Amino acid sequence: MALKGILGFEHGIVQAPLGPDISGPELVAAVANAGGIGLLRCPDWECPDYVREMIRKTKTLTDKPFGIGVVLAFPHELNVKTILEEKVAVLQLYWGECSKELLDYAHSAGVKVVPQVGSVEEARKAVDVGVDAIIVQGHEAGGHVSGKDGLFSLLPRVVDLVGECDIPVIAAGGIVDARGYVAALSLGAQGVCLGTRFVATHESYAHPIYKRKLIEYEKTEYTDIFGRARWPSAPHRVLETPFFDDWRSLPSHENEVDQPIIGRSTIHGVEKEIRRFAGTVPNMTTTGDLESMAMYAGQSVGLIKEILPAGEVVKSLVEEAQLLILKKFNNVA
């Protein structure tokens, strides 16, 4: 067991693409400058000019490679074309199947393809296509979660499936510190992907109230009450805020469409009204009743005690993991 870089990056630390725009250029560049894999979050609608601008802004903040995440459940063809034209290092895919055609298209542009999966079946399809790495998301993860298995039962099964295929496996879900990093390595992962921990950084575009709630609250719940109309059949893990406790039993036929407007936000340059149960997390521009908005978080949120610079998160993960491994080796010896 050792710490190694993956996909040509210095460290095997991945910052998840945080929607809708929480992982912007500043956060991604900070992670990249620290040697990690920073991932922008592509808009959920076609806006290739904006995507190009976002990528180019990130390039002004770092000379290191980085990537971008695309949710395949939403329109994306024009955005992906732009992403490949801009030749980012990594195209991360989620909530949809990576086709051989898309993989070949990305590889022809020199871009590595990394899907996120939530089951062994999804992982098998990704291996058969020939992806460059696989992110294995456990049920503990915050935000939208496709799988039902916990990370530490799913991860070794995917590692066994990959076998000798030389496809790095990256663990995601409930990992916020070096202990989780080392535990994932011990089960065969070559890297880890963190979401909630990077929301709670100085450079993330999350609203300060959202960041503060990640420090204050310790419990999360897997639910489907947010964004039912916009993203059907897409369950998610959120903080157990007072608002969520009041509405956790929202009848299945209700959604955000006919709900009152509780706030406004500028998301990827577009001004949007936020209705109750919309599933839109508050970013730096959000106004209104933020306490009644979705706040995604993974099960290990209780381990996050302070807002830190993103580069420090990467650095401490690597250094503390090295110490843990060394201590374990010395104890065995």
# chains A, B, ... in the order shown; residues from 1 in each chain; ligands from 1
>>> closest_atom_pairs(of="range 111-152 of chain A", to="range 194-217 of chain A", cutoff="10 Å", atoms="only C-alpha atoms", output="CSV")
residue,atom,partner,partner_atom,distance
A:Ala141,CA,A:Gly195,CA,8.0
A:Gly142,CA,A:Thr196,CA,6.7
A:Gly143,CA,A:Gly195,CA,8.6
>>> residues_around(residues="Glu256 in chain A", least_positions_apart="6", cutoff="10 Å", atoms="only C-alpha atoms", output="PyMOL selection string")
chain A and resi 225-230+274-279
>>> select_by_dssp(residues="range 18-65 of chain A", states="helix (DSSP H, G or I)", output="PyMOL selection string")
chain A and resi 25-33+48-61
>>> atom_distance(atom1="CA of Val90 in chain A", atom2="CA of Ala16 in chain A")
12.0 Å
>>> closest_atom_pairs(of="range 55-169 of chain A", to="range 190-193 of chain A", cutoff="8 Å", atoms="only C-alpha atoms", output="CSV")
residue,atom,partner,partner_atom,distance
A:Ile135,CA,A:Cys193,CA,7.4
A:Pro168,CA,A:Gln190,CA,5.9
A:Val169,CA,A:Gln190,CA,5.7
>>> write_last_selection(atoms="all heavy atoms", output="PDB file, in the first residue's frame")
ATOM      1  N   ILE A 135     -14.396   5.958 -10.985  1.00  0.00           N
ATOM      2  CA  ILE A 135     -14.724   6.428  -9.637  1.00  0.00           C
ATOM      3  C   ILE A 135     -15.864   5.557  -9.119  1.00  0.00           C
ATOM      4  O   ILE A 135     -16.917   5.457  -9.751  1.00  0.00           O
ATOM      5  CB  ILE A 135     -15.142   7.908  -9.635  1.00  0.00           C
ATOM      6  CG1 ILE A 135     -13.995   8.796 -10.128  1.00  0.00           C
ATOM      7  CG2 ILE A 135     -15.580   8.331  -8.233  1.00  0.00           C
ATOM      8  CD1 ILE A 135     -14.378  10.256 -10.291  1.00  0.00           C
ATOM      9  N   PRO A 168      -7.120   2.514 -13.027  1.00  0.00           N
ATOM     10  CA  PRO A 168      -7.150   2.941 -11.626  1.00  0.00           C
ATOM     11  C   PRO A 168      -8.583   3.022 -11.101  1.00  0.00           C
ATOM     12  O   PRO A 168      -9.486   3.493 -11.790  1.00  0.00           O
ATOM     13  CB  PRO A 168      -6.501   4.329 -11.660  1.00  0.00           C
ATOM     14  CG  PRO A 168      -5.695   4.360 -12.915  1.00  0.00           C
ATOM     15  CD  PRO A 168      -6.441   3.506 -13.894  1.00  0.00           C
ATOM     16  N   VAL A 169      -8.762   2.567  -9.870  1.00  0.00           N
ATOM     17  CA  VAL A 169     -10.055   2.653  -9.197  1.00  0.00           C
ATOM     18  C   VAL A 169      -9.951   3.734  -8.129  1.00  0.00           C
ATOM     19  O   VAL A 169      -9.030   3.727  -7.308  1.00  0.00           O
ATOM     20  CB  VAL A 169     -10.453   1.306  -8.575  1.00  0.00           C
ATOM     21  CG1 VAL A 169     -11.754   1.443  -7.781  1.00  0.00           C
ATOM     22  CG2 VAL A 169     -10.600   0.244  -9.661  1.00  0.00           C
TER      23      VAL A 169
END
>>> residues_around(residues="Pro115 in chain A", least_positions_apart="3", cutoff="9 Å", atoms="only C-alpha atoms", output="VMD selection string")
chain A and resid 91 to 98 123 126 131 to 136
>>> write_last_selection(atoms="all heavy atoms", output="compact mmCIF listing (two decimals), in the first residue's frame")
# COMPACT_ATOMS: atom_id res chain seq x y z
N LEU A 91 -12.22 14.08 -18.63
CA LEU A 91 -13.67 14.21 -18.78
C LEU A 91 -14.30 13.21 -17.82
O LEU A 91 -14.21 12.00 -18.03
CB LEU A 91 -14.09 13.92 -20.22
CG LEU A 91 -15.60 13.87 -20.50
CD1 LEU A 91 -16.25 15.22 -20.22
CD2 LEU A 91 -15.88 13.42 -21.93
N GLN A 92 -14.94 13.72 -16.77
CA GLN A 92 -15.59 12.86 -15.80
C GLN A 92 -17.07 12.78 -16.15
O GLN A 92 -17.70 13.79 -16.45
CB GLN A 92 -15.41 13.41 -14.38
CG GLN A 92 -15.85 12.46 -13.28
CD GLN A 92 -17.24 12.77 -12.75
OE1 GLN A 92 -17.97 13.58 -13.30
NE2 GLN A 92 -17.61 12.11 -11.67
N LEU A 93 -17.63 11.57 -16.13
CA LEU A 93 -19.01 11.34 -16.54
C LEU A 93 -19.80 10.70 -15.41
O LEU A 93 -19.27 9.89 -14.65
CB LEU A 93 -19.05 10.43 -17.77
CG LEU A 93 -18.26 10.90 -19.00
CD1 LEU A 93 -18.23 9.81 -20.06
CD2 LEU A 93 -18.84 12.19 -19.56
N TYR A 94 -21.11 11.05 -15.37
CA TYR A 94 -21.94 10.55 -14.28
C TYR A 94 -23.39 10.47 -14.73
O TYR A 94 -23.83 11.23 -15.59
CB TYR A 94 -21.80 11.49 -13.07
CG TYR A 94 -22.47 11.01 -11.80
CD1 TYR A 94 -22.43 9.67 -11.44
CD2 TYR A 94 -23.10 11.90 -10.96
CE1 TYR A 94 -23.02 9.23 -10.27
CE2 TYR A 94 -23.70 11.47 -9.77
CZ TYR A 94 -23.66 10.13 -9.43
OH TYR A 94 -24.25 9.71 -8.28
N TRP A 95 -24.11 9.56 -14.11
CA TRP A 95 -25.55 9.39 -14.31
C TRP A 95 -25.87 9.13 -15.79
O TRP A 95 -26.71 9.77 -16.39
CB TRP A 95 -26.33 10.61 -13.81
CG TRP A 95 -27.60 10.20 -13.14
CD1 TRP A 95 -28.81 10.01 -13.74
CD2 TRP A 95 -27.80 9.93 -11.75
NE1 TRP A 95 -29.75 9.63 -12.81
CE2 TRP A 95 -29.16 9.57 -11.57
CE3 TRP A 95 -26.95 9.94 -10.65
CZ2 TRP A 95 -29.68 9.24 -10.33
CZ3 TRP A 95 -27.48 9.61 -9.41
CH2 TRP A 95 -28.82 9.27 -9.26
N GLY A 96 -25.21 8.13 -16.33
CA GLY A 96 -25.43 7.74 -17.71
C GLY A 96 -24.29 6.84 -18.15
O GLY A 96 -23.24 6.76 -17.51
N GLU A 97 -24.50 6.14 -19.24
CA GLU A 97 -23.51 5.16 -19.70
C GLU A 97 -22.53 5.80 -20.67
O GLU A 97 -22.92 6.51 -21.60
CB GLU A 97 -24.25 4.01 -20.38
CG GLU A 97 -23.38 2.79 -20.64
CD GLU A 97 -24.20 1.60 -21.10
OE1 GLU A 97 -25.33 1.43 -20.60
OE2 GLU A 97 -23.72 0.86 -21.98
N CYS A 98 -21.27 5.53 -20.44
CA CYS A 98 -20.22 6.02 -21.33
C CYS A 98 -20.15 5.10 -22.55
O CYS A 98 -19.82 3.92 -22.44
CB CYS A 98 -18.87 6.04 -20.61
SG CYS A 98 -17.49 6.46 -21.69
N ALA A 123 -19.72 -0.70 -13.39
CA ALA A 123 -18.27 -0.79 -13.49
C ALA A 123 -17.86 -1.75 -14.61
O ALA A 123 -16.92 -1.48 -15.37
CB ALA A 123 -17.67 -1.24 -12.17
N ALA A 126 -18.12 -0.09 -17.91
CA ALA A 126 -17.04 0.88 -18.10
C ALA A 126 -15.73 0.20 -18.46
O ALA A 126 -14.98 0.66 -19.33
CB ALA A 126 -16.88 1.71 -16.82
N VAL A 131 -12.38 2.53 -20.35
CA VAL A 131 -12.18 3.85 -19.75
C VAL A 131 -10.80 3.94 -19.11
O VAL A 131 -10.11 2.94 -18.92
CB VAL A 131 -13.27 4.15 -18.72
CG1 VAL A 131 -14.64 4.15 -19.38
CG2 VAL A 131 -13.23 3.15 -17.56
N ASP A 132 -10.40 5.16 -18.76
CA ASP A 132 -9.06 5.39 -18.23
C ASP A 132 -8.97 5.22 -16.72
O ASP A 132 -7.89 4.98 -16.18
CB ASP A 132 -8.61 6.80 -18.62
CG ASP A 132 -8.53 6.96 -20.13
OD1 ASP A 132 -7.56 6.47 -20.72
OD2 ASP A 132 -9.45 7.56 -20.72
N ALA A 133 -10.08 5.38 -16.02
CA ALA A 133 -10.17 5.16 -14.58
C ALA A 133 -11.65 5.08 -14.24
O ALA A 133 -12.51 5.45 -15.04
CB ALA A 133 -9.48 6.27 -13.79
N ILE A 134 -11.94 4.60 -13.03
CA ILE A 134 -13.33 4.48 -12.58
C ILE A 134 -13.43 5.06 -11.18
O ILE A 134 -12.65 4.71 -10.29
CB ILE A 134 -13.79 3.01 -12.55
CG1 ILE A 134 -13.76 2.39 -13.94
CG2 ILE A 134 -15.19 2.90 -11.95
CD1 ILE A 134 -14.07 0.90 -13.94
N ILE A 135 -14.40 5.96 -10.99
CA ILE A 135 -14.72 6.43 -9.64
C ILE A 135 -15.86 5.56 -9.12
O ILE A 135 -16.92 5.46 -9.75
CB ILE A 135 -15.14 7.91 -9.64
CG1 ILE A 135 -13.99 8.80 -10.13
CG2 ILE A 135 -15.58 8.33 -8.23
CD1 ILE A 135 -14.38 10.26 -10.29
N VAL A 136 -15.65 4.92 -7.98
CA VAL A 136 -16.66 4.07 -7.36
C VAL A 136 -17.32 4.85 -6.24
O VAL A 136 -16.68 5.18 -5.23
CB VAL A 136 -16.02 2.78 -6.81
CG1 VAL A 136 -17.07 1.92 -6.11
CG2 VAL A 136 -15.35 2.00 -7.93
>>> atom_distance(atom1="CA of Arg52 in chain A", atom2="CA of Lys87 in chain A")
10.5 Å
>>> closest_residue(among="A:Leu317, A:Cys42, A:Leu102, A:Ala29", to="Phe74 in chain A", atoms="only C-alpha atoms")
A:Cys42
>>> select_by_dssp(residues="range 62-290 of chain A", states="strand (DSSP E)", output="ChimeraX atom specification")
/A:67-71,90-94,112-117,134-137,143-144,169-172,191-194,220-223,236-239,261-267,270-275,287-288
>>> closest_atom_pairs(of="range 197-313 of chain A", to="range 170-179 of chain A", cutoff="10 Å", atoms="only C-alpha atoms", output="tab-separated table")
residue	atom	partner	partner_atom	distance
A:Arg197	CA	A:Val176	CA	5.5
A:Phe198	CA	A:Val176	CA	8.7
A:Ala297	CA	A:Gly174	CA	8.9
A:Gly298	CA	A:Gly174	CA	5.4
A:Gln299	CA	A:Gly174	CA	5.4
A:Ser300	CA	A:Gly174	CA	4.9
A:Val301	CA	A:Gly174	CA	7.6
A:Gly302	CA	A:Val176	CA	9.6
A:Leu303	CA	A:Val176	CA	7.1
A:Ile304	CA	A:Val176	CA	7.2
A:Val313	CA	A:Asp177	CA	8.4
